[in-house]
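Structure data follow from start_10.txt (compact mmCIF, C-alpha atoms and all ligand atoms):
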# COMPACT_ATOMS: atom_id res chain seq x y z
CA MET A 1 -58.77 -23.93 -34.41
CA LYS A 2 -58.24 -23.48 -30.66
CA LYS A 3 -55.74 -26.32 -30.71
CA ALA A 4 -53.81 -24.66 -33.52
CA LEU A 5 -53.72 -21.38 -31.59
CA ILE A 6 -52.35 -23.05 -28.46
CA LEU A 7 -49.83 -24.91 -30.55
CA SER A 8 -48.64 -21.74 -32.24
CA GLN A 9 -48.42 -19.98 -28.87
CA VAL A 10 -46.30 -22.82 -27.49
CA LEU A 11 -44.16 -22.62 -30.59
CA ILE A 12 -43.70 -18.86 -30.21
CA THR A 13 -42.70 -19.16 -26.53
CA TYR A 14 -40.28 -21.93 -27.41
CA VAL A 15 -38.68 -20.02 -30.26
CA SER A 16 -38.43 -16.82 -28.25
CA LYS A 17 -36.78 -18.71 -25.38
CA LEU A 18 -34.38 -20.23 -27.85
CA ILE A 19 -33.52 -16.84 -29.31
CA GLY A 20 -33.18 -15.41 -25.78
CA GLY A 21 -30.84 -18.25 -24.87
CA ILE A 22 -28.74 -17.74 -27.95
CA LEU A 23 -28.56 -14.00 -27.29
CA LEU A 24 -27.56 -14.64 -23.68
CA ILE A 25 -24.80 -17.06 -24.66
CA THR A 26 -23.52 -14.73 -27.37
CA GLY A 27 -23.58 -11.91 -24.83
CA LEU A 28 -21.62 -13.93 -22.30
CA ILE A 29 -19.06 -14.95 -24.88
CA TYR A 30 -18.77 -11.33 -26.00
CA MET A 31 -18.38 -10.07 -22.44
CA SER A 32 -15.73 -12.59 -21.53
CA GLY A 33 -13.92 -11.63 -24.72
CA CYS A 34 -14.14 -8.05 -23.57
CA SER A 35 -12.69 -8.66 -20.14
CA ASN A 36 -9.78 -10.53 -21.72
CA ASP A 37 -9.30 -7.55 -23.98
CA ASP A 38 -9.41 -5.25 -20.98
CA GLU A 39 -6.77 -7.29 -19.24
CA GLU A 40 -4.62 -7.34 -22.34
CA ASN A 41 -5.04 -3.59 -22.74
CA GLN A 42 -4.12 -3.07 -19.11
CA ALA A 43 -1.04 -5.27 -19.43
CA ALA A 44 0.05 -3.39 -22.55
CA LYS A 45 -0.49 -0.04 -20.85
CA ASP A 46 1.44 -1.23 -17.78
CA GLN A 47 4.30 -2.43 -19.94
CA ALA A 48 4.40 0.89 -21.80
CA ALA A 49 4.35 2.85 -18.53
CA TYR A 50 7.09 0.62 -17.13
CA ASP A 51 9.20 1.03 -20.27
CA ALA A 52 8.87 4.82 -20.02
CA ALA A 53 9.77 4.82 -16.31
CA ASP A 54 13.20 5.76 -14.97
CA ALA A 55 14.94 3.66 -12.31
CA ILE A 56 17.25 6.48 -11.23
CA ARG A 57 14.36 8.86 -10.66
CA GLY A 58 12.77 5.99 -8.74
CA GLY A 59 15.90 5.63 -6.61
CA ARG A 60 15.72 9.29 -5.64
CA LEU A 61 12.01 8.95 -4.82
CA TYR A 62 12.89 5.96 -2.63
CA ASP A 63 15.30 8.23 -0.75
CA LYS A 64 13.26 11.42 -0.17
CA PHE A 65 10.53 11.94 -2.74
CA TRP A 66 9.55 15.48 -1.82
CA LYS A 67 13.09 16.73 -2.54
CA THR A 68 13.17 15.33 -6.07
CA ASP A 69 12.95 17.59 -9.10
CA ASP A 70 9.58 16.53 -10.41
CA TYR A 71 7.63 16.25 -7.18
CA THR A 72 5.25 19.19 -6.96
CA GLY A 73 3.00 18.03 -4.13
CA PRO A 74 0.59 15.24 -3.25
CA VAL A 75 -1.76 14.15 -6.08
CA ASP A 76 -4.69 14.23 -3.66
CA PRO A 77 -5.19 17.91 -2.83
CA SER A 78 -6.67 17.02 0.56
CA VAL A 79 -3.25 15.71 1.66
CA ASN A 80 -1.21 18.33 3.49
CA GLN A 81 2.39 18.45 2.29
CA ASN A 82 3.64 19.76 5.65
CA ASP A 83 2.21 16.70 7.37
CA ILE A 84 4.56 14.64 5.19
CA GLU A 85 7.71 16.76 5.50
CA ASP A 86 7.35 17.44 9.22
CA PHE A 87 7.21 13.67 9.80
CA GLY A 88 9.50 12.71 6.93
CA ASN A 89 10.78 9.41 8.32
CA PHE A 90 7.27 8.02 8.33
CA TYR A 91 7.15 8.46 4.55
CA ARG A 92 10.66 7.72 3.29
CA CYS A 93 10.79 4.25 1.73
CA LYS A 94 14.35 3.86 2.95
CA GLN A 95 13.37 4.32 6.61
CA CYS A 96 11.02 1.33 6.63
CA HIS A 97 12.75 -0.85 4.01
CA GLY A 98 16.42 0.15 4.33
CA TRP A 99 18.96 1.52 1.85
CA ASP A 100 19.86 -2.13 1.26
CA GLU A 101 16.16 -3.13 0.90
CA LYS A 102 16.79 -5.65 3.66
CA ALA A 103 14.38 -3.95 6.09
CA LYS A 104 15.22 -4.77 9.70
CA PHE A 105 17.42 -7.73 8.78
CA GLY A 106 20.29 -5.78 7.23
CA TRP A 107 22.09 -2.54 8.07
CA TYR A 108 19.07 -1.29 10.04
CA ILE A 109 19.05 -4.22 12.49
CA ASP A 110 19.93 -1.76 15.26
CA ARG A 111 17.98 1.28 14.11
CA ALA A 112 15.40 1.44 16.88
CA PRO A 113 12.34 3.66 16.55
CA LYS A 114 12.32 7.15 18.04
CA ALA A 115 9.57 9.70 18.45
CA SER A 116 10.59 11.06 15.04
CA ARG A 117 10.87 7.75 13.18
CA PRO A 118 8.93 4.48 13.07
CA ASP A 119 10.19 0.93 13.46
CA VAL A 120 12.07 -0.47 10.51
CA SER A 121 9.63 -2.88 8.85
CA SER A 122 9.97 -6.65 8.35
CA GLU A 123 9.24 -6.26 4.67
CA GLU A 124 12.40 -6.88 2.65
CA LEU A 125 12.23 -5.66 -0.93
CA THR A 126 15.26 -7.45 -2.39
CA HIS A 127 12.93 -10.03 -3.98
CA MET A 128 11.28 -7.32 -6.08
CA LYS A 129 14.13 -7.71 -8.61
CA ASN A 130 12.68 -11.07 -9.55
CA GLU A 131 9.01 -10.17 -9.66
CA THR A 132 7.39 -10.28 -13.09
CA ASP A 133 3.82 -9.09 -12.53
CA LEU A 134 4.04 -5.35 -13.18
CA ARG A 135 0.44 -4.69 -12.08
CA ASP A 136 1.11 -6.39 -8.72
CA MET A 137 4.27 -4.39 -8.21
CA PHE A 138 2.51 -1.15 -9.06
CA GLU A 139 -0.25 -1.90 -6.59
CA GLU A 140 2.18 -2.89 -3.87
CA VAL A 141 3.99 0.42 -4.15
CA ALA A 142 0.80 2.50 -4.55
CA HIS A 143 -0.72 0.71 -1.56
CA ALA A 144 -4.18 2.24 -2.05
CA GLY A 145 -6.15 1.97 1.17
CA GLY A 146 -2.95 2.11 3.23
CA ALA A 147 -2.22 4.55 6.05
CA ASP A 148 -3.33 8.15 5.65
CA VAL A 149 -1.17 11.22 5.97
CA ASP A 150 -2.16 12.25 9.46
CA PRO A 151 -0.01 13.98 12.08
CA ALA A 152 -1.80 12.09 14.88
CA ARG A 153 -0.69 8.78 13.34
CA THR A 154 2.93 9.88 13.08
CA ALA A 155 3.15 11.71 16.40
CA ASP A 156 5.38 9.12 18.10
CA GLY A 157 7.29 6.36 16.33
CA THR A 158 7.91 4.50 19.58
CA ASP A 159 4.17 3.91 20.01
CA PRO A 160 3.16 1.47 17.26
CA SER A 161 -0.49 1.59 18.37
CA LEU A 162 -0.74 4.97 16.61
CA GLY A 163 -0.05 3.28 13.27
CA GLY A 164 3.15 5.13 12.40
CA ASN A 165 4.72 1.86 11.18
CA ASP A 166 2.08 1.25 8.55
CA MET A 167 2.85 1.57 4.89
CA PRO A 168 1.32 4.85 3.71
CA ASP A 169 -1.25 5.11 0.92
CA PHE A 170 1.07 6.43 -1.79
CA SER A 171 -1.72 6.51 -4.36
CA LYS A 172 -2.77 9.77 -2.69
CA ILE A 173 0.74 11.20 -2.69
CA LEU A 174 2.62 10.15 -5.81
CA THR A 175 1.66 10.29 -9.49
CA GLU A 176 1.37 7.09 -11.50
CA THR A 177 4.59 8.03 -13.29
CA GLN A 178 6.40 8.31 -9.95
CA ILE A 179 5.01 4.97 -8.79
CA TRP A 180 6.24 3.35 -12.02
CA ASP A 181 9.66 4.94 -11.45
CA LEU A 182 9.74 3.29 -8.02
CA VAL A 183 8.71 -0.05 -9.50
CA LYS A 184 11.51 0.24 -12.05
CA PHE A 185 14.02 1.12 -9.36
CA LEU A 186 13.00 -1.91 -7.31
CA LYS A 187 13.12 -4.20 -10.30
CA GLU A 188 16.21 -2.93 -12.11
CA GLY A 189 17.89 -0.20 -10.09
CA GLN A 190 18.62 -1.66 -6.70
CA LEU A 191 22.10 -3.06 -6.19
CA ASN A 192 22.77 -6.23 -4.27
CA THR A 193 24.76 -4.99 -1.27
CA GLU A 194 26.00 -8.52 -0.60
CA ASN A 195 28.29 -8.07 -3.57
CA LEU A 196 29.63 -4.75 -2.26
CA TYR A 197 30.68 -5.57 1.32
CA ASP A 198 30.23 -8.26 3.95
CA LEU A 199 27.77 -7.68 6.74
CA ALA A 200 27.65 -10.00 9.74
CA THR A 201 24.64 -9.56 12.00
CA SER A 202 23.77 -11.07 15.35
CA GLY A 203 20.73 -10.85 17.57
CA SER A 204 17.57 -9.31 16.26
CA TYR A 205 15.94 -5.97 15.68
CA PRO A 206 16.13 -3.49 17.36
CA THR A 207 18.83 -4.73 19.72
CA GLY A 208 20.81 -6.68 17.13
CA SER A 209 24.31 -5.70 16.08
CA LYS A 210 26.30 -5.72 12.88
CA THR A 211 29.87 -5.69 11.67
CA MET A 212 30.82 -4.61 8.18
CA THR A 213 34.04 -5.94 6.68
CA ASN A 214 35.59 -6.29 3.27
CA LEU A 215 34.42 -2.95 1.88
CA GLY A 216 34.42 -3.21 -1.92
CA ARG A 217 35.04 -6.97 -1.68
CA ASP A 218 36.87 -8.19 -4.78
CA GLY A 219 36.74 -4.77 -6.47
CA SER A 220 39.74 -2.96 -7.90
CA ALA A 221 40.90 0.04 -5.86
CA SER A 222 42.81 1.53 -8.80
CA ALA A 223 39.76 1.32 -11.08
CA GLY A 224 37.81 2.89 -8.19
CA ASP A 225 40.29 5.77 -7.95
CA THR A 226 39.82 6.48 -11.65
CA PHE A 227 36.04 6.29 -11.28
CA TYR A 228 36.25 8.69 -8.35
CA THR A 229 38.46 11.16 -10.24
CA ASN A 230 36.13 11.13 -13.24
CA ASN A 231 32.80 11.31 -11.43
CA CYS A 232 33.17 12.72 -7.93
CA ALA A 233 36.33 14.78 -7.50
CA SER A 234 35.00 17.89 -9.27
CA CYS A 235 32.61 18.48 -6.39
CA HIS A 236 33.91 16.43 -3.45
CA GLY A 237 37.60 17.32 -4.03
CA ALA A 238 40.49 15.07 -4.98
CA ASP A 239 40.55 13.40 -1.55
CA GLY A 240 36.84 13.65 -0.70
CA THR A 241 37.13 16.37 1.93
CA GLN A 242 35.67 19.30 0.00
CA ILE A 243 32.01 18.86 0.98
CA LEU A 244 31.13 17.89 4.52
CA LEU A 245 28.58 15.10 4.63
CA GLU A 246 26.96 15.12 8.04
CA GLY A 247 30.28 16.42 9.36
CA LYS A 248 32.34 13.76 7.58
CA SER A 249 34.57 13.52 4.55
CA LEU A 250 33.29 11.34 1.73
CA GLY A 251 35.81 8.62 2.65
CA ALA A 252 34.64 8.52 6.25
CA PHE A 253 31.00 8.65 5.16
CA ALA A 254 31.48 5.68 2.84
CA ARG A 255 33.43 3.62 5.37
CA GLY A 256 30.76 4.27 8.00
CA GLY A 257 27.80 3.84 5.68
CA PRO A 258 28.37 1.93 2.45
CA HIS A 259 24.69 0.86 2.46
CA GLU A 260 23.74 4.51 1.86
CA THR A 261 26.78 5.52 -0.20
CA GLN A 262 26.05 2.91 -2.88
CA HIS A 263 22.51 4.23 -3.23
CA LYS A 264 23.52 7.91 -3.36
CA THR A 265 26.32 7.24 -5.83
CA LYS A 266 24.03 5.53 -8.30
CA ASN A 267 20.84 7.54 -7.81
CA GLY A 268 22.11 10.92 -6.64
CA HIS A 269 21.24 13.05 -3.65
CA PRO A 270 17.71 14.52 -3.90
CA GLY A 271 17.64 18.28 -3.84
CA SER A 272 21.33 18.70 -4.66
CA THR A 273 23.43 19.08 -7.79
CA MET A 274 24.41 15.43 -7.50
CA LYS A 275 22.09 13.69 -9.95
CA GLY A 276 23.41 10.15 -9.91
CA LEU A 277 25.05 7.92 -12.46
CA PRO A 278 22.51 5.89 -14.43
CA ASP A 279 25.22 3.91 -16.19
CA ALA A 280 27.22 2.98 -13.09
CA THR A 281 27.44 -0.79 -12.80
CA GLU A 282 27.74 -2.93 -9.71
CA THR A 283 31.42 -3.33 -10.57
CA ASP A 284 31.92 0.46 -10.73
CA ILE A 285 30.36 0.92 -7.29
CA LYS A 286 32.31 -1.99 -5.88
CA ASN A 287 35.56 -0.52 -7.22
CA LEU A 288 34.66 2.88 -5.81
CA LEU A 289 33.99 1.47 -2.35
CA LYS A 290 37.21 -0.49 -2.51
CA ALA A 291 39.07 2.75 -3.28
CA LEU A 292 37.26 4.71 -0.55
CA ALA A 293 38.34 2.07 1.98
CA ASP A 294 41.81 3.63 1.81
CA GLU A 295 42.03 6.12 4.69
CA THR A 296 45.27 7.64 3.45
CA LYS A 297 43.92 8.59 0.03
CA TYR A 298 40.47 9.53 1.32
CA PRO A 299 41.13 10.78 4.84
CA PRO A 300 38.56 11.68 7.48
CA VAL A 301 38.16 15.36 8.26
CA LEU A 302 40.37 16.02 11.26
C1 LIG B 401 6.21 3.64 7.67
C2 LIG B 401 6.82 2.50 7.07
C3 LIG B 401 6.79 2.32 5.57
C4 LIG B 401 7.10 3.24 4.60
C5 LIG B 401 7.49 4.69 4.75
C6 LIG B 401 7.04 2.52 3.36
N1 LIG B 401 6.68 1.22 3.57
FE1 LIG B 401 6.47 -0.20 2.16
N2 LIG B 401 5.76 -1.49 3.56
C7 LIG B 401 5.69 -1.24 4.91
C8 LIG B 401 5.02 -2.34 5.56
C9 LIG B 401 4.73 -2.45 7.05
C10 LIG B 401 4.72 -3.27 4.54
C11 LIG B 401 3.99 -4.60 4.68
C12 LIG B 401 2.64 -4.52 4.04
C13 LIG B 401 1.62 -4.06 4.98
O1 LIG B 401 1.60 -4.53 6.11
O2 LIG B 401 0.79 -3.20 4.61
C14 LIG B 401 5.21 -2.70 3.30
C15 LIG B 401 5.11 -3.32 2.06
C16 LIG B 401 5.70 -2.86 0.91
C17 LIG B 401 5.75 -3.57 -0.34
C18 LIG B 401 5.21 -4.97 -0.60
C19 LIG B 401 6.32 -5.94 -0.37
C20 LIG B 401 5.91 -7.38 -0.58
O3 LIG B 401 6.81 -8.20 -0.65
O4 LIG B 401 4.73 -7.69 -0.66
C21 LIG B 401 6.42 -2.78 -1.23
C22 LIG B 401 6.76 -3.11 -2.67
C23 LIG B 401 6.76 -1.57 -0.54
N3 LIG B 401 6.31 -1.64 0.75
C24 LIG B 401 7.42 -0.51 -1.12
C25 LIG B 401 7.54 0.75 -0.52
C26 LIG B 401 7.98 1.95 -1.21
C27 LIG B 401 8.45 2.00 -2.65
C28 LIG B 401 7.90 2.96 -0.30
C29 LIG B 401 8.16 4.44 -0.52
C30 LIG B 401 7.44 5.09 -1.60
C31 LIG B 401 7.46 2.39 0.96
N4 LIG B 401 7.23 1.05 0.78
C32 LIG B 401 7.31 3.10 2.12
C33 LIG B 401 6.12 -0.11 5.55
C34 LIG B 401 6.51 1.07 4.91
C1 LIG B 402 27.93 18.01 -9.13
C2 LIG B 402 28.58 17.88 -7.86
C3 LIG B 402 28.68 16.51 -7.25
C4 LIG B 402 29.19 15.36 -7.84
C5 LIG B 402 29.75 15.19 -9.23
C6 LIG B 402 29.10 14.33 -6.82
N1 LIG B 402 28.54 14.84 -5.68
FE1 LIG B 402 28.11 13.82 -4.02
N2 LIG B 402 27.16 15.41 -3.27
C7 LIG B 402 27.18 16.66 -3.80
C8 LIG B 402 26.41 17.55 -2.96
C9 LIG B 402 26.21 19.05 -3.18
C10 LIG B 402 25.92 16.77 -1.90
C11 LIG B 402 25.02 17.22 -0.77
C12 LIG B 402 25.75 17.69 0.40
C13 LIG B 402 24.75 18.12 1.46
O1 LIG B 402 24.30 17.26 2.21
O2 LIG B 402 24.40 19.26 1.48
C14 LIG B 402 26.41 15.43 -2.14
C15 LIG B 402 26.12 14.37 -1.32
C16 LIG B 402 26.72 13.12 -1.42
C17 LIG B 402 26.48 12.02 -0.53
C18 LIG B 402 25.40 11.99 0.51
C19 LIG B 402 25.76 12.24 1.89
C20 LIG B 402 24.55 12.45 2.78
O3 LIG B 402 24.62 13.35 3.58
O4 LIG B 402 23.55 11.72 2.68
C21 LIG B 402 27.32 11.01 -0.91
C22 LIG B 402 27.46 9.64 -0.26
C23 LIG B 402 28.04 11.47 -2.06
N3 LIG B 402 27.65 12.75 -2.36
C24 LIG B 402 28.95 10.72 -2.77
C25 LIG B 402 29.38 11.05 -4.06
C26 LIG B 402 30.13 10.18 -4.91
C27 LIG B 402 30.67 8.82 -4.51
C28 LIG B 402 30.26 10.81 -6.11
C29 LIG B 402 30.90 10.29 -7.36
C30 LIG B 402 30.41 9.02 -7.85
C31 LIG B 402 29.61 12.09 -6.00
N4 LIG B 402 29.08 12.21 -4.74
C32 LIG B 402 29.53 13.04 -7.01
C33 LIG B 402 27.77 17.04 -4.98
C34 LIG B 402 28.29 16.16 -5.90

Translate the structure of the given file into structure tokens.
Ligand code: HEC
Ligand code: HEC
Amino acid sequence: MKKALILSQVLITYVSKLIGGILLITGLIYMSGCSNDDEENQAAKDQAAYDAADAIRGGRLYDKFWKTDDYTGPVDPSVNQNDIEDFGNFYRCKQCHGWDEKAKFGWYIDRAPKASRPDVSSEELTHMKNETDLRDMFEEVAHAGGADVDPARTADGTDPSLGGNDMPDFSKILTETQIWDLVKFLKEGQLNTENLYDLATSGSYPTGSKTMTNLGRDGSASAGDTFYTNNCASCHGADGTQILLEGKSLGAFARGGPHETQHKTKNGHPGSTMKGLPDATETDIKNLLKALADETKYPPVL
């Protein structure tokens, strides 16, 4: 009798362990299935957000996000908007990564820091065109945990020990939609400036130097003239002298700064009536620059 009891107890423990084990294994299988599902859901959501994003809006955010139409203020209410605008160069993507996305190795090889602007970074973004992991790209732009908006940090760009050179935490400033717009700009919107003009550099940042030649490279000046007449002349005038751009005509501005002109032409000028040309191709911009190289047709302001 006693023996039978012990035997049945042993049997019960054994069976319950077996059931427990089976439950555990099923649970584990279920959970791992779940996390795969989560990843798949995330990937699908990311793809949908990317598809809905706008590279041109992203290009304007890259330039000066707080001047763009749909920026209404930092997403984190504890961030003070004035601490961004008063120290704008510490927050403009273009300051640290360049209009050509070549950071301190391209046009900005000689753009030394000042009290009001940080060093140009070493982080080139031209490779972002070829990236395929949308989640990675999103996180790189959002940079959660990065530098805070803090006037003490941005008080003097020539003193890197303050941290003014650090990539800000944009997850506290920009909405997810805006971050996706930036991702789309970096992946699809940025032009390859090497196809637009030749830039020879020597030395290294910040004392390096550069020489630009061959503006518009193998573009067609006559196609560029037509493009200009159709898309720019109504505001900038037939010869580009109607609106002064930092004291210059459009021709002079483009000849002195094609790295910036290509970006503004395609993406627009934040805060102005110039909204950019989403459909402009690399060839269009190349032709335009080729046309603007002509100082007789597009004279400087005398
Ligand atoms: C004050 C300078 C600064 C500003 C402004 C800045 N960045 Fe950065 N960025 C950096 C630095 C420095 C790194 C290198 C990563 C690090 O050290 O945290 C970096 C890294 C990156 C990376 C990762 C690149 C890679 O290959 O891994 C991306 C993408 C990027 N920045 C995009 C942007 C965008 C988009 C903006 C504007 C919304 C921006 N950055 C504004 C300094 C800056
Ligand atoms: C709807 C009017 C309009 C059209 C069309 C237009 N622009 Fe502009 N553009 C402006 C205004 C306004 C500004 C801002 C001037 C200022 O700084 O106040 C501007 C600024 C610029 C700048 C920026 C200069 C800077 O200071 O950073 C460039 C470069 C430029 N335009 C080139 C072009 C080119 C090239 C085209 C044609 C492809 C064009 N624009 C079409 C109105 C226009």

Determine, using all atoms listed in the file, which residues of region 132-233 of chain A have any atom at most 8 Å from an atom of region 237-255 of chain A, and tabulate each with its shortest atom pair and distance in Å to one decimal place, rows ordered by chain and then rising number, as a Markdown table.
| residue | atom | partner | partner_atom | distance |
| --- | --- | --- | --- | --- |
| A:Leu215 | CA | A:Arg255 | CA | 7.5 |
| A:Thr229 | CA | A:Ala238 | CA | 6.9 |
| A:Cys232 | CA | A:Gly237 | CA | 7.5 |
| A:Ala233 | CA | A:Gly237 | CA | 4.5 |

Hey, which bits of chain A sit within 8 Å of ligand LIG 402 (chain B), and for each residue what's the closest pair of atoms and how far apart in Å (one decimal), counting only C-alpha atoms and all ligand atoms, rows by chain and increasing number, as JSON lines?
{"residue": "A:Phe227", "atom": "CA", "partner": "B:LIG402", "partner_atom": "C30", "distance": 7.1}
{"residue": "A:Tyr228", "atom": "CA", "partner": "B:LIG402", "partner_atom": "C29", "distance": 5.7}
{"residue": "A:Asn230", "atom": "CA", "partner": "B:LIG402", "partner_atom": "C29", "distance": 7.9}
{"residue": "A:Asn231", "atom": "CA", "partner": "B:LIG402", "partner_atom": "C29", "distance": 4.6}
{"residue": "A:Cys232", "atom": "CA", "partner": "B:LIG402", "partner_atom": "C29", "distance": 3.4}
{"residue": "A:Ala233", "atom": "CA", "partner": "B:LIG402", "partner_atom": "C5", "distance": 6.8}
{"residue": "A:Ser234", "atom": "CA", "partner": "B:LIG402", "partner_atom": "C5", "distance": 5.9}
{"residue": "A:Cys235", "atom": "CA", "partner": "B:LIG402", "partner_atom": "C2", "distance": 4.3}
{"residue": "A:His236", "atom": "CA", "partner": "B:LIG402", "partner_atom": "N1", "distance": 6.0}
{"residue": "A:Ile243", "atom": "CA", "partner": "B:LIG402", "partner_atom": "C12", "distance": 6.4}
{"residue": "A:Leu244", "atom": "CA", "partner": "B:LIG402", "partner_atom": "C12", "distance": 6.8}
{"residue": "A:Leu245", "atom": "CA", "partner": "B:LIG402", "partner_atom": "O3", "distance": 4.5}
{"residue": "A:Glu246", "atom": "CA", "partner": "B:LIG402", "partner_atom": "O3", "distance": 5.3}
{"residue": "A:Leu250", "atom": "CA", "partner": "B:LIG402", "partner_atom": "C24", "distance": 6.3}
{"residue": "A:Phe253", "atom": "CA", "partner": "B:LIG402", "partner_atom": "C22", "distance": 6.5}
{"residue": "A:Ala254", "atom": "CA", "partner": "B:LIG402", "partner_atom": "C22", "distance": 6.4}
{"residue": "A:Glu260", "atom": "CA", "partner": "B:LIG402", "partner_atom": "C22", "distance": 6.7}
{"residue": "A:Thr261", "atom": "CA", "partner": "B:LIG402", "partner_atom": "C22", "distance": 4.2}
{"residue": "A:Gln262", "atom": "CA", "partner": "B:LIG402", "partner_atom": "C22", "distance": 7.4}
{"residue": "A:His263", "atom": "CA", "partner": "B:LIG402", "partner_atom": "C22", "distance": 7.9}
{"residue": "A:Lys264", "atom": "CA", "partner": "B:LIG402", "partner_atom": "C22", "distance": 5.3}
{"residue": "A:Thr265", "atom": "CA", "partner": "B:LIG402", "partner_atom": "C27", "distance": 4.8}
{"residue": "A:Lys266", "atom": "CA", "partner": "B:LIG402", "partner_atom": "C30", "distance": 7.3}
{"residue": "A:Gly268", "atom": "CA", "partner": "B:LIG402", "partner_atom": "FE1", "distance": 7.2}
{"residue": "A:His269", "atom": "CA", "partner": "B:LIG402", "partner_atom": "C15", "distance": 5.6}
{"residue": "A:Ser272", "atom": "CA", "partner": "B:LIG402", "partner_atom": "C9", "distance": 5.1}
{"residue": "A:Thr273", "atom": "CA", "partner": "B:LIG402", "partner_atom": "C1", "distance": 4.8}
{"residue": "A:Met274", "atom": "CA", "partner": "B:LIG402", "partner_atom": "C34", "distance": 4.3}
{"residue": "A:Lys275", "atom": "CA", "partner": "B:LIG402", "partner_atom": "C1", "distance": 7.3}
{"residue": "A:Gly276", "atom": "CA", "partner": "B:LIG402", "partner_atom": "C32", "distance": 7.4}
{"residue": "A:Leu277", "atom": "CA", "partner": "B:LIG402", "partner_atom": "C30", "distance": 7.2}
{"residue": "A:Leu288", "atom": "CA", "partner": "B:LIG402", "partner_atom": "C27", "distance": 7.3}

* Considering all atoms listed in the file, state which residue in the set A:Gln42, A:Asn165, A:Thr281, A:Thr72 is at the smallest distance from Glu188 (chain A). =>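 Of all the options, A:Thr281 lies closest to Glu188 (chain A).
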
* Distance of CA of Gly146 (chain A) from CA of Asp54 (chain A), expressed in Å to one decimal place ->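 Separating CA of Asp54 (chain A) from CA of Gly146 (chain A) is a distance of 24.6 Å.
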
* **Residue list as a ChimeraX atom specification for point (8.5, 14.7, -5.1), cut-off 12 Å, all atoms listed in the file** => /A:57-75,81,84-85,91-92,170,173-175,177-179,181-182,270-271

* To do: Find the residues around Asn192 (chain A) up to 9 Å (all atoms listed in the file counted), leave out those fewer than 6 positions away in its own chain, and share them as a PyMOL selection string.
  => chain A and resi 100-101+126+282

* To do: With all atoms listed in the file counted, collect every polymer residue having an atom within 8 Å of ligand LIG 401 (chain B); state the result as number ranges by chain.
  => A: 61-62, 65, 89-97, 118-125, 127-128, 137-138, 140-143, 146, 164-168, 170, 179, 182-183, 186

* Asked: Which neighbours of Asp218 (chain A) fall inside 9 Å, counting all atoms listed in the file, when residues of the same chain fewer than 4 positions from it are skipped, and could you give them as a list in words?
  ->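 Counting all atoms listed in the file, the residues come to Asn195, Leu196, Asn214, Lys286, Asn287 and Lys290 of chain A.
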
* To do: Report the distance between CA of Lys45 (chain A) and CA of Glu139 (chain A) in Å, rounded to one decimal place.
  =>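 For CA of Lys45 (chain A) relative to CA of Glu139 (chain A), the distance reads 14.4 Å.
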
* To do: Please measure the separation of CA of Ser78 (chain A) and CA of Thr154 (chain A), giving the value in Å to one decimal.
  =>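 Atom-to-atom, CA of Ser78 (chain A) to CA of Thr154 (chain A), that is 17.3 Å.
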
* Name the residues in contact with region 209-212 of chain A at a cut-off of 7 Å, using only C-alpha atoms, excluding same-chain residues fewer than 5 positions from it; report them as an NGL selection string. => :A and (109-110 or 197-203)

Selection export as a short mmCIF file (atom, residue, chain, number, x, y, z; two decimals), in the frame of the given file, atoms kept: C-alpha atoms:
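For reference, part.cif as written:
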data_model
loop_
_atom_site.label_atom_id
_atom_site.label_comp_id
_atom_site.auth_asym_id
_atom_site.auth_seq_id
_atom_site.Cartn_x
_atom_site.Cartn_y
_atom_site.Cartn_z
CA ILE A 109 19.05 -4.22 12.49
CA ASP A 110 19.93 -1.76 15.26
CA TYR A 197 30.68 -5.57 1.32
CA ASP A 198 30.23 -8.26 3.95
CA LEU A 199 27.77 -7.68 6.74
CA ALA A 200 27.65 -10.00 9.74
CA THR A 201 24.64 -9.56 12.00
CA SER A 202 23.77 -11.07 15.35
CA GLY A 203 20.73 -10.85 17.57
#

* **Among listed residues A:Ala44, A:Ala49, A:Ala293, A:Leu134, nearest Lys187 (chain A) (using all atoms listed in the file)** =>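 Using all atoms listed in the file, Lys187 (chain A) sits closest to A:Leu134.
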
* Asked: Which of these residues is nearest to Ala112 (chain A), using all atoms listed in the file: A:Thr207, A:Gln47, A:Thr296, A:Asn80?
  ->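 Smallest distance to Ala112 (chain A) is found for A:Thr207.
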
* May I have the residues within 6 Å of region 155-158 of chain A as a list in words, using all atoms listed in the file and disregarding those fewer than 4 positions away in the same chain? =>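 Near region 155-158 of chain A, the qualifying residues are Pro113, Lys114, Ala115, Ser116, Arg117, Pro118, Pro151 and Gly164 of chain A.
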
* Counting all atoms listed in the file, figure out which residue out of A:Asn130, A:Lys104, A:Tyr298, A:Trp180 gets nearest to Gly208 (chain A). =>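 For Gly208 (chain A), the nearest of the given residues is A:Lys104.
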